[in-house]
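Visitor: File follows, work23.txt with compact mmCIF, C-alpha atoms:
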```
# COMPACT_ATOMS: atom_id res chain seq x y z
CA MET A 6 152.36 105.57 76.90
CA THR A 7 152.82 101.96 77.30
CA GLU A 8 154.45 99.64 75.00
CA PRO A 9 152.58 96.82 73.54
CA GLN A 10 153.43 93.47 74.99
CA LEU A 11 154.58 90.73 72.75
CA PRO A 12 153.35 87.19 73.12
CA ASP A 13 155.51 84.61 74.82
CA PRO A 14 157.84 82.72 72.52
CA VAL A 15 156.60 79.37 71.40
CA GLU A 16 158.89 76.36 71.47
CA PRO A 17 159.49 74.65 68.25
CA GLY A 18 157.26 71.65 67.72
CA ALA A 19 154.86 72.74 70.40
CA ALA A 20 151.37 73.85 69.59
CA PRO A 21 150.78 77.47 69.96
CA LEU A 22 148.89 78.49 73.08
CA PRO A 23 145.44 79.82 72.64
CA ASP A 24 145.15 83.52 72.91
CA PRO A 25 143.59 84.34 76.27
CA ALA A 26 141.66 87.34 74.92
CA PRO A 27 141.26 87.65 71.22
CA ASP A 28 141.76 91.07 69.85
CA PRO A 29 138.62 92.65 68.71
CA ASP A 30 138.04 92.93 65.03
CA PRO A 31 139.20 96.35 64.00
CA ALA A 32 136.33 96.56 61.44
CA ALA A 33 133.64 95.61 64.02
CA PRO A 34 132.08 98.45 66.00
CA PRO A 35 132.49 98.45 69.70
CA ALA A 36 129.83 96.66 71.81
CA PRO A 37 128.03 99.79 73.15
CA ARG A 38 127.50 100.97 69.62
CA ARG A 39 125.84 97.65 68.70
CA ARG A 40 123.43 97.99 71.59
CA GLY A 41 122.46 101.53 70.53
CA LEU A 42 121.87 100.31 67.01
CA ALA A 43 119.74 97.43 68.28
CA VAL A 44 117.71 99.81 70.47
CA ALA A 45 117.27 102.24 67.58
CA LEU A 46 116.18 99.38 65.33
CA ALA A 47 113.69 98.15 67.97
CA VAL A 48 112.30 101.67 68.48
CA THR A 49 111.99 102.17 64.72
CA LEU A 50 110.31 98.78 64.33
CA THR A 51 107.91 99.62 67.17
CA ALA A 52 107.16 103.01 65.59
CA VAL A 53 106.55 101.38 62.20
CA VAL A 54 104.25 98.76 63.76
CA GLY A 55 102.45 101.48 65.75
CA LEU A 56 102.11 103.58 62.62
CA ALA A 57 100.81 100.56 60.68
CA VAL A 58 98.26 99.81 63.42
CA ALA A 59 97.20 103.48 63.51
CA LEU A 60 96.86 103.54 59.71
CA GLY A 61 94.87 100.28 59.85
CA LEU A 62 92.55 101.75 62.51
CA LEU A 63 92.24 104.96 60.50
CA ALA A 64 91.38 103.02 57.34
CA SER A 65 88.84 100.95 59.27
CA ALA A 66 87.33 104.07 60.86
CA ARG A 67 87.15 105.77 57.48
CA GLY A 68 85.41 102.74 55.99
CA ASN A 69 82.93 102.73 58.89
CA TRP A 70 82.42 106.48 58.55
CA GLU A 71 81.80 106.19 54.81
CA ALA A 72 79.30 103.37 55.40
CA GLN A 73 77.51 105.39 58.09
CA ASN A 74 77.58 108.46 55.86
CA ALA A 75 76.03 106.51 52.98
CA ASP A 76 73.40 105.08 55.36
CA LEU A 77 72.60 108.55 56.71
CA ARG A 78 72.33 109.95 53.18
CA ASP A 79 69.88 107.17 52.31
CA ARG A 80 67.86 107.94 55.43
CA VAL A 81 67.87 111.66 54.63
CA ASP A 82 66.69 110.92 51.08
CA THR A 83 63.91 108.72 52.48
CA LEU A 84 62.92 111.41 54.99
CA VAL A 85 62.93 114.08 52.27
CA ASP A 86 60.60 111.88 50.19
CA GLN A 87 58.35 111.34 53.21
CA VAL A 88 58.29 115.06 53.99
CA SER A 89 57.40 115.82 50.37
CA GLU A 90 54.58 113.28 50.49
CA GLN A 91 53.34 114.69 53.80
CA ASN A 92 53.48 118.26 52.45
CA ALA A 93 51.42 117.16 49.43
CA ARG A 94 48.95 115.46 51.78
CA ILE A 95 48.79 118.59 53.95
CA SER A 96 48.04 120.67 50.83
CA GLU A 97 45.25 118.26 49.91
CA LEU A 98 43.84 118.39 53.43
CA GLU A 99 44.00 122.19 53.49
CA GLY A 100 42.10 122.26 50.19
CA ALA A 101 39.54 119.85 51.62
CA LYS A 102 39.32 121.98 54.77
CA GLU A 103 38.64 125.11 52.70
CA GLN A 104 36.03 123.26 50.65
CA LEU A 105 34.44 121.97 53.85
CA ALA A 106 34.34 125.50 55.27
CA ARG A 107 32.62 126.73 52.08
CA LEU A 108 30.12 123.86 52.21
CA LYS A 109 29.47 124.56 55.88
CA GLU A 110 28.88 128.21 55.08
CA GLU A 111 26.52 127.29 52.22
CA TYR A 112 24.70 124.81 54.45
CA SER A 113 24.41 127.38 57.23
CA SER A 114 23.11 129.91 54.72
CA ALA A 115 20.58 127.40 53.37
CA VAL A 116 19.47 126.53 56.89
CA ASN A 117 19.16 130.22 57.70
CA GLN A 118 17.21 130.80 54.51
CA GLY A 119 15.04 127.80 55.34
CA ALA A 120 14.47 129.14 58.83
CA LYS A 121 13.86 132.59 57.37
CA GLY A 122 11.46 131.03 54.86
CA THR A 123 9.67 129.26 57.69
CA GLU A 124 9.48 132.53 59.60
CA ILE A 125 8.14 134.30 56.51
CA VAL A 126 5.53 131.59 56.00
CA GLU A 127 4.53 131.79 59.68
CA GLU A 128 4.33 135.59 59.52
CA LEU A 129 2.25 135.47 56.34
CA LYS A 130 0.04 132.78 57.87
CA ASP A 131 -0.53 135.06 60.89
CA ILE A 132 -1.48 137.93 58.55
CA VAL A 133 -3.86 135.65 56.62
CA ASP A 134 -5.41 134.49 59.91
CA ALA A 135 -5.74 138.15 60.96
CA TYR A 136 -7.44 138.99 57.63
CA GLN A 137 -9.79 136.05 58.20
CA SER A 138 -10.59 137.43 61.67
CA CYS A 139 -11.19 140.85 60.06
CA VAL A 140 -13.54 139.32 57.48
CA ASP A 141 -15.33 137.29 60.20
CA ALA A 142 -15.71 140.42 62.36
CA GLN A 143 -17.11 142.40 59.41
CA THR A 144 -19.50 139.54 58.60
CA GLU A 145 -20.78 139.57 62.17
CA HIS A 146 -21.03 143.36 62.05
CA PHE A 147 -23.14 143.14 58.89
CA GLU A 148 -25.44 140.70 60.69
CA VAL A 149 -25.79 143.28 63.47
CA LEU A 150 -26.55 145.99 60.91
CA ARG A 151 -29.33 143.87 59.42
CA GLU A 152 -30.99 143.87 62.78
CA ILE A 153 -29.83 147.28 64.02
CA ASP A 154 -32.98 147.89 66.02
CA ARG A 155 -31.89 145.22 68.49
CA TYR A 156 -28.61 147.02 69.36
CA VAL A 157 -27.70 150.39 70.83
CA ALA A 158 -26.37 152.70 68.14
CA SER A 159 -23.33 153.80 70.15
CA SER A 160 -22.22 150.21 70.71
CA VAL A 161 -22.69 149.46 67.01
CA ASP A 162 -20.56 152.50 66.11
CA GLU A 163 -17.86 151.46 68.61
CA SER A 164 -17.88 147.93 67.28
CA GLU A 165 -17.60 149.19 63.70
CA GLN A 166 -14.69 151.51 64.61
CA SER A 167 -12.95 148.69 66.46
CA ILE A 168 -13.29 146.43 63.41
CA ARG A 169 -11.99 149.17 61.09
CA ASP A 170 -8.97 149.81 63.39
CA PHE A 171 -8.23 146.08 63.56
CA CYS A 172 -8.51 145.65 59.79
CA ALA A 173 -6.33 148.75 59.25
CA GLU A 174 -3.67 147.20 61.53
CA VAL A 175 -3.84 143.96 59.53
CA THR A 176 -3.47 145.88 56.25
CA ALA A 177 -0.50 147.84 57.68
CA ALA A 178 1.11 144.57 58.79
CA TYR A 179 0.72 143.17 55.25
CA VAL A 180 2.19 146.34 53.68
CA SER A 181 5.12 146.13 56.09
CA PHE A 182 5.55 142.43 55.24
CA GLN A 183 5.67 143.24 51.52
CA ALA A 184 8.21 146.02 52.05
CA LYS A 185 10.41 143.76 54.14
CA HIS A 186 10.24 140.67 51.91
CA GLY A 187 9.12 142.08 48.61
```
Would you write the structure of this file as C-alpha cells?
Guide:
Amino acid sequence: MTEPQLPDPVEPGAAPLPDPAPDPDPAAPPAPRRRGLAVALAVTLTAVVGLAVALGLLASARGNWEAQNADLRDRVDTLVDQVSEQNARISELEGAKEQLARLKEEYSSAVNQGAKGTEIVEELKDIVDAYQSCVDAQTEHFEVLREIDRYVASSVDESEQSIRDFCAEVTAAYVSFQAKHG
C-alpha cells in the first residue's frame, strides 16, 4: 500500500497553486459508467422511437384495412343485390320459356290438326269425286241398257260388274273414312 501524498506547503501570503488534477467527485460515477448509461439511454430512446413508428404504421395499416374491409362489404352487398335481381330475372325468363314451350306445343298441335283437317278434307273430296265417277259410270251404263241391242251382252255384263266393283270400293273407302275419323 502506498501512502497518500500531501500537497506542497504554501508560503504565507502567496496564492495557493492550482491543483494539477482535481480529485474526482466521490458522489459522481466513474466515466465508463456514464458512457454505458448514455448508450443504454440511446438504445432505449431508439427502441421507443422504433416502437412508436411501428405502432403508427400498425394504426395506419389497421385504418386502411378497416376502410378496405368496409369497401369490400359494400361491394359484396351490391353484388348480393345484383345476384338476387338476376336470380329473379332468371326465374321470370324460365317461366317465359316454359310458357313459350307450351305455346309452341299448342301451335304445333294446331298446325298438325290443320294439316290433318286438310288431309281429311282432301281424302273426303277424293271419295266424293270417286262417288261422282261411280254415279257417272252408272248413268252411262243405264244409257247402254236403254239401247242394249247395240252392245254384246257379255261386254255389258262385264261393264256392269266393273262398275259394281268400283262403287263397292268407293263405299268401302267411305266406311273406312268414317271409322277412322268418325
Visitor: Pick the closest to A:Val161 from A:His146, A:Glu174, A:Ala72, A:Leu84: which is it, counting only C-alpha atoms?
Guide: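 Of all the options, A:His146 lies closest to A:Val161.
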Visitor: Smallest atom-to-atom distance to A:Ala135: which of A:Val157, A:Val175, A:Glu110, A:Leu105, using all atoms listed in the file?
Guide: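 Residue with the minimum atom-to-atom distance to A:Ala135: A:Val175.
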Visitor: Kindly give the distance, in Å, that separates atom CA of A:Phe171 and atom CA of A:Ala142, rounded to a single decimal.
Guide: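 Between these atoms lies a distance of 9.5 Å.
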Visitor: Report, in Å with one decimal, the straight-line distance from atom CA of A:Val149 to atom CA of A:Glu163.
Guide: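 Separating atom CA of A:Val149 from atom CA of A:Glu163 is a distance of 12.5 Å.
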Visitor: Please measure the separation of atom CA of A:Val53 and atom CA of A:Arg67, giving the value in Å to one decimal.
Guide: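 Atom CA of A:Arg67 lies at a distance of 20.4 Å from atom CA of A:Val53.
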Visitor: Give, as JSON, the centre coordinates and the x, y and z edge lengths in Å to one decimal for an axis-aligned box around all listed atoms of stretch 55-70 of chain A, padded by 6 Å on each side.
Guide:
```
{"center_x": 92.4, "center_y": 103.1, "center_z": 60.9, "size_x": 32.0, "size_y": 18.7, "size_z": 21.8}
```
Visitor: Considering all atoms listed in the file, state which residue in the set A:Phe182, A:Ala43, A:Ser89, A:Ile168 is at the smallest distance from A:Glu124.
Guide: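 Closest candidate: A:Phe182.
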Visitor: Excluding A:Thr176 and its own-chain neighbours fewer than 5 positions away, which residues fall within 12 Å of it when counting only C-alpha atoms? Please give them as a PyMOL selection string.
Guide: chain A and resi 129+132-133+135-137+139+169-171+181-183
Visitor: Calculated over only C-alpha atoms, which of the candidates A:Tyr112, A:Asp131, A:Gln104, A:Gly122 has the smallest distance to A:Ala178?
Guide: A:Asp131
